[in-house]
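Asker: Take a look at upload.cif, mmCIF, C-alpha atoms:
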```cif
data_coords
#
loop_
_atom_site.label_atom_id
_atom_site.label_comp_id
_atom_site.auth_asym_id
_atom_site.auth_seq_id
_atom_site.Cartn_x
_atom_site.Cartn_y
_atom_site.Cartn_z
CA LYS M 1 -53.19 103.23 82.95
CA THR M 2 -54.25 100.36 80.68
CA CYS M 3 -50.82 100.09 79.10
CA GLY M 4 -48.95 97.11 80.55
CA GLY M 5 -45.62 97.79 82.25
CA LEU M 6 -46.13 101.56 82.22
CA LYS M 7 -46.00 103.55 85.43
CA VAL M 8 -48.14 106.64 85.03
CA SER M 9 -46.08 109.80 85.46
CA LYS M 10 -47.05 112.00 88.39
CA ASP M 11 -45.42 115.08 86.92
CA ARG M 12 -47.87 117.96 86.64
CA VAL M 13 -47.52 121.65 85.85
CA THR M 14 -49.75 124.69 85.92
CA LEU M 15 -49.11 127.53 83.48
CA LEU M 16 -50.15 131.15 83.82
CA LEU M 17 -50.29 133.13 80.58
CA CYS M 18 -50.74 136.88 80.30
CA SER M 19 -50.74 139.31 77.38
CA ASN M 20 -51.87 142.83 76.63
CA ALA M 21 -54.98 143.65 74.61
CA SER M 22 -53.15 144.77 71.48
CA GLY M 23 -51.38 141.41 71.29
CA ASP M 24 -47.90 142.89 70.85
CA ARG M 25 -46.62 141.73 74.27
CA VAL M 26 -46.88 138.34 75.95
CA LEU M 27 -45.33 138.20 79.38
CA LYS M 28 -42.87 135.50 80.34
CA PRO M 29 -45.08 132.54 81.38
CA LEU M 30 -45.30 131.33 84.95
CA LEU M 31 -44.83 127.57 85.35
CA ILE M 32 -45.71 125.87 88.63
CA ASN M 33 -44.16 122.45 89.22
CA ARG M 34 -44.37 119.99 92.11
CA ALA M 35 -40.66 120.30 92.92
CA LEU M 36 -38.59 123.44 93.27
CA MET M 37 -35.49 121.66 91.98
CA PRO M 38 -36.32 118.45 90.07
CA ARG M 39 -33.58 116.13 88.86
CA ALA M 40 -33.76 117.40 85.28
CA MET M 41 -32.96 120.92 86.52
CA LYS M 42 -29.73 119.95 88.23
CA GLY M 43 -27.05 122.47 87.31
CA LYS M 44 -29.59 124.86 85.75
CA ASN M 45 -30.08 128.44 86.88
CA ILE M 46 -33.83 128.75 87.44
CA LYS M 47 -33.67 132.51 86.97
CA GLN M 48 -32.39 132.02 83.42
CA LEU M 49 -35.24 129.72 82.32
CA PRO M 50 -37.67 131.01 79.66
CA VAL M 51 -40.44 130.77 82.29
CA HIS M 52 -40.92 132.04 85.83
CA TRP M 53 -40.42 128.90 87.94
CA MET M 54 -42.42 128.29 91.13
CA ALA M 55 -43.46 125.15 92.98
CA ASN M 56 -45.76 123.53 95.49
CA LYS M 57 -46.60 119.90 96.27
CA LYS M 58 -49.64 119.77 93.96
CA ALA M 59 -48.35 122.08 91.22
CA TRP M 60 -51.46 124.22 91.72
CA MET M 61 -51.89 127.96 91.73
CA THR M 62 -52.32 129.37 95.22
CA ALA M 63 -53.04 132.84 96.54
CA ASP M 64 -49.45 133.13 97.78
CA LEU M 65 -47.96 132.12 94.42
CA PHE M 66 -50.28 134.44 92.51
CA THR M 67 -49.34 137.33 94.79
CA GLU M 68 -45.65 136.54 94.30
CA TRP M 69 -46.14 136.43 90.52
CA PHE M 70 -47.99 139.77 90.59
CA LYS M 71 -45.35 141.58 92.66
CA LYS M 72 -42.14 140.00 91.33
CA CYS M 73 -43.07 139.21 87.71
CA PHE M 74 -46.08 141.14 86.43
CA VAL M 75 -45.34 144.54 87.94
CA PRO M 76 -41.66 144.85 86.90
CA GLU M 77 -42.22 143.38 83.41
CA VAL M 78 -45.18 145.65 82.68
CA ARG M 79 -43.41 148.71 84.10
CA LYS M 80 -40.44 148.05 81.82
CA TYR M 81 -42.76 147.58 78.81
CA MET M 82 -44.62 150.85 79.50
CA GLU M 83 -41.34 152.75 79.86
CA LYS M 84 -40.10 151.32 76.57
CA LYS M 85 -43.31 152.46 74.87
CA GLY M 86 -43.07 155.91 76.43
CA LEU M 87 -46.38 155.42 78.24
CA ASP M 88 -47.46 156.25 81.77
CA PHE M 89 -47.41 153.28 84.11
CA LYS M 90 -51.19 152.96 84.41
CA VAL M 91 -52.47 149.45 83.83
CA LEU M 92 -55.75 147.54 83.91
CA LEU M 93 -55.36 143.83 84.72
CA LEU M 94 -58.26 141.48 83.99
CA VAL M 95 -58.15 138.40 86.20
CA ASP M 96 -60.19 135.21 86.22
CA ASN M 97 -62.45 134.92 89.26
CA ALA M 98 -60.79 131.93 90.93
CA PRO M 99 -60.21 131.20 94.65
CA SER M 100 -56.45 131.24 94.07
CA HIS M 101 -56.59 134.83 92.75
CA PRO M 102 -56.66 137.14 95.78
CA ILE M 103 -57.58 140.82 95.86
CA LEU M 104 -54.46 142.79 94.96
CA GLU M 105 -53.73 146.49 95.28
CA HIS M 106 -51.16 148.66 93.51
CA SER M 107 -51.09 152.41 93.02
CA ASN M 108 -50.53 152.09 89.25
CA ILE M 109 -52.55 148.96 88.52
CA LYS M 110 -56.31 148.46 88.69
CA VAL M 111 -57.25 144.79 89.02
CA ILE M 112 -60.72 143.75 87.85
CA PHE M 113 -62.05 140.24 88.39
CA LEU M 114 -64.26 138.72 85.73
CA PRO M 115 -67.76 137.76 86.92
CA PRO M 116 -68.08 134.20 88.27
CA ASN M 117 -69.18 131.42 85.92
CA THR M 118 -68.26 133.41 82.80
CA THR M 119 -64.83 131.93 82.05
CA SER M 120 -65.88 130.04 78.93
CA LEU M 121 -67.93 132.98 77.67
CA ILE M 122 -65.80 136.12 77.98
CA GLN M 123 -62.37 135.30 79.42
CA PRO M 124 -59.88 136.33 76.70
CA LEU M 125 -57.41 133.51 77.37
CA ASP M 126 -60.21 130.97 77.27
CA GLN M 127 -61.37 132.33 73.91
CA VAL M 128 -59.09 130.08 71.81
CA ILE M 129 -55.74 131.37 73.18
CA ILE M 130 -55.26 128.46 75.59
CA ALA M 131 -56.45 125.97 72.97
CA THR M 132 -54.05 127.41 70.38
CA PHE M 133 -51.18 127.27 72.88
CA LYS M 134 -51.97 123.59 73.60
CA HIS M 135 -51.99 122.79 69.88
CA TYR M 136 -48.52 124.30 69.47
CA TYR M 137 -47.27 122.51 72.59
CA ILE M 138 -48.59 119.11 71.48
CA LYS M 139 -47.15 119.57 68.00
CA LEU M 140 -43.70 120.41 69.44
CA THR M 141 -43.86 117.45 71.82
CA PHE M 142 -44.89 114.98 69.12
CA LYS M 143 -42.08 116.30 66.92
CA TYR M 144 -39.68 115.66 69.81
CA ILE M 145 -40.91 112.04 70.07
CA LEU M 146 -40.63 111.49 66.32
CA ASP M 147 -37.09 112.92 66.22
CA ALA M 148 -36.06 110.68 69.13
CA ILE M 149 -37.41 107.62 67.31
CA GLU M 150 -35.75 108.46 64.01
CA ASN M 151 -32.44 109.94 65.18
CA ASP M 152 -31.77 108.00 68.41
CA ASN M 153 -33.40 104.74 67.31
CA LEU M 154 -35.68 104.67 70.37
CA THR M 155 -39.09 103.11 70.85
CA VAL M 156 -42.08 105.35 71.52
CA MET M 157 -42.03 104.35 75.20
CA ASP M 158 -38.30 105.01 75.57
CA ALA M 159 -38.70 108.39 73.87
CA TRP M 160 -41.41 109.33 76.37
CA LYS M 161 -39.19 108.23 79.25
CA LYS M 162 -36.52 110.67 78.03
CA TYR M 163 -38.99 113.56 78.09
CA THR M 164 -38.27 115.71 81.15
CA ILE M 165 -39.70 118.75 82.85
CA LEU M 166 -36.94 120.76 81.15
CA ASP M 167 -38.34 119.70 77.76
CA CYS M 168 -41.76 120.79 79.00
CA VAL M 169 -40.34 124.21 79.90
CA THR M 170 -38.68 124.57 76.51
CA HIS M 171 -41.77 123.54 74.55
CA SER M 172 -44.05 125.74 76.68
CA SER M 173 -41.88 128.77 75.97
CA MET M 174 -41.71 127.97 72.25
CA ALA M 175 -45.49 127.49 72.09
CA VAL M 176 -46.09 130.88 73.71
CA GLN M 177 -43.71 132.53 71.23
CA GLN M 178 -45.71 131.09 68.34
CA LEU M 179 -48.93 132.75 69.48
CA ARG M 180 -49.71 135.52 67.00
CA GLY M 181 -50.51 139.04 68.08
CA SER M 182 -53.65 138.97 65.94
CA THR M 183 -54.84 135.88 67.84
CA LEU M 184 -54.24 137.51 71.21
CA ASN M 185 -56.05 140.67 70.14
CA ALA M 186 -59.02 138.94 68.50
CA CYS M 187 -59.77 136.90 71.61
CA LEU M 188 -60.96 139.99 73.46
CA LYS M 189 -63.92 140.32 71.11
CA ALA M 190 -66.43 138.95 73.64
CA ILE M 191 -65.40 141.31 76.43
CA TRP M 192 -63.98 144.39 74.65
CA PRO M 193 -64.98 144.48 70.95
CA GLU M 194 -63.86 148.11 70.54
CA CYS M 195 -60.18 147.16 70.98
CA ILE M 196 -60.12 144.62 68.14
CA LYS M 197 -57.94 145.75 65.26
CA SER M 198 -59.40 145.64 61.77
CA GLY M 199 -58.85 142.29 60.08
CA ASN M 200 -58.13 140.34 63.28
CA SER M 201 -60.37 137.32 63.76
CA MET M 202 -60.46 134.14 65.81
CA PRO M 203 -57.83 131.66 64.55
CA GLN M 204 -58.70 128.31 63.06
CA THR M 205 -56.78 125.42 64.63
CA THR M 206 -57.82 122.94 61.94
CA THR M 207 -54.42 123.07 60.22
CA LEU M 208 -52.58 122.55 63.50
CA SER M 209 -54.85 119.62 64.36
CA SER M 210 -54.13 118.02 60.98
CA GLU M 211 -50.38 118.47 61.49
CA ILE M 212 -50.59 116.87 64.95
CA ILE M 213 -52.53 113.89 63.60
CA ALA M 214 -50.02 113.47 60.78
CA LEU M 215 -47.16 113.43 63.31
CA ALA M 216 -49.04 110.89 65.44
CA HIS M 217 -49.42 108.59 62.45
CA GLU M 218 -45.70 108.91 61.70
CA ILE M 219 -44.87 108.04 65.30
CA GLY M 220 -47.24 105.05 65.43
CA GLY M 221 -47.16 102.66 68.38
CA GLU M 222 -49.20 102.61 71.58
CA GLY M 223 -51.67 105.47 71.75
CA PHE M 224 -50.79 106.92 68.33
CA GLU M 225 -51.88 104.36 65.72
CA ASP M 226 -55.60 105.13 65.90
CA MET M 227 -55.37 108.86 66.56
CA GLN M 228 -57.88 110.77 64.44
#
```
Could you render the structure as structure tokens?

Answerer:
Amino acid sequence: KTCGGLKVSKDRVTLLLCSNASGDRVLKPLLINRALMPRAMKGKNIKQLPVHWMANKKAWMTADLFTEWFKKCFVPEVRKYMEKKGLDFKVLLLVDNAPSHPILEHSNIKVIFLPPNTTSLIQPLDQVIIATFKHYYIKLTFKYILDAIENDNLTVMDAWKKYTILDCVTHSSMAVQQLRGSTLNACLKAIWPECIKSGNSMPQTTTLSSEIIALAHEIGGEGFEDMQ
């Protein structure tokens, strides 16, 4: 907002991530955008994106969107996974206790809501998984900016202007794919220590942070020069 001549982007997204306890399966992410068909998506088949695409005016999760994700995304993906593993379709789904997460019923799925006000203490995704995802996403985005500066001879500002919601989708999917199974498994330690595999421990994001800072210094310019 303090940068002269820059109109702050109003683009916002909400991401829903979900994995199993063993860490060997991360579901296709849900991405909620403000527009169902933004300009950058013209000519694209939404069903072929590496994320489940939904939209509302504020790009927020709602009870209706969560219910749609549960029925049309979670249930069929998990059923297919269980069949591939040769396992009975009996699933326990742990859900954050948020107003946008309604009570859901399914004959093969038991949904348990985490106690209120415990998100930062025991929620598996909040135990480093989200932070690790954000590190990967930022690193990919900074690399995109640096490549645009070096290969297309653009300024930092012009490179940012080229960044679209489609790039966000691509980088979000790539960041999820870089999450390690050991990370996903270890983050259940606070709520289910018995399921942690031997040798799995909470990841250190120090290296990723250093790589992000190094990229920022290479980029330089407004907002990057003093990044530490």

Asker: Give the answer as one residue: which of M:Met37, M:Ala148, M:Ile138, M:Leu184 has the shortest atom-to-atom distance to M:Trp53, using all atoms listed in the file?

Answerer: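 Among the listed residues, M:Met37 lies closest to M:Trp53.
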
Asker: For the atom pair atom CA of M:Pro102 and atom CA of M:Ala63, what is the interatomic distance in Å to one decimal place?

Answerer: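 About the pair atom CA of M:Pro102 and atom CA of M:Ala63: they are 5.7 Å apart.
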
Asker: Counting only C-alpha atoms, which of M:Lys72, M:Gln127, M:Gly23, M:Met61 gets nearest to M:Asn200?

Answerer: M:Gly23

Asker: Write out as a list of chain:residue names each polymer residue whose atoms come within 9 Å of M:Thr205, counting all atoms listed in the file; drop sequence neighbours fewer than 2 positions from it.

Answerer: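 After dropping sequence-adjacent residues, the list is M:Val128, M:Ala131, M:Thr132, M:His135, M:Pro203, M:Thr207, M:Leu208, M:Ser209, M:Ser210.
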
Asker: Tell me which of M:Leu17, M:Ile219, M:Cys187, M:Ile145 sits closest to M:Thr164, counting all atoms listed in the file.

Answerer: M:Ile145

Asker: To one decimal place, how far is atom CA of M:Tyr136 from atom CA of M:Ser201 in Å?

Answerer: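 That distance, rounded to one decimal, is 18.5 Å.
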
Asker: Show which residues sit within 9 Å of stretch 79-90 of chain M, as a list in words. Count only C-alpha atoms, and ignore same-chain residues fewer than 5 positions away.

Answerer: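 Selected residues are Arg25, Phe74, Ser107, Asn108, Ile109 and Lys110 of chain M.
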
Asker: For atom CA of M:Phe113 and atom CA of M:Asp96, determine how far apart the two atoms are, in Å to one decimal place.

Answerer: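 Taking atom CA of M:Phe113 as the start and atom CA of M:Asp96 as the end point, the length is 5.8 Å.
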
Asker: Please determine, counting all atoms listed in the file, which residue among M:Ile213, M:Leu16, M:Leu94, M:Ile129 has the shortest atom-to-atom distance to M:Asn185.

Answerer: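 Comparing M:Ile213, M:Leu16, M:Leu94, M:Ile129 against M:Asn185, the winner is M:Ile129.
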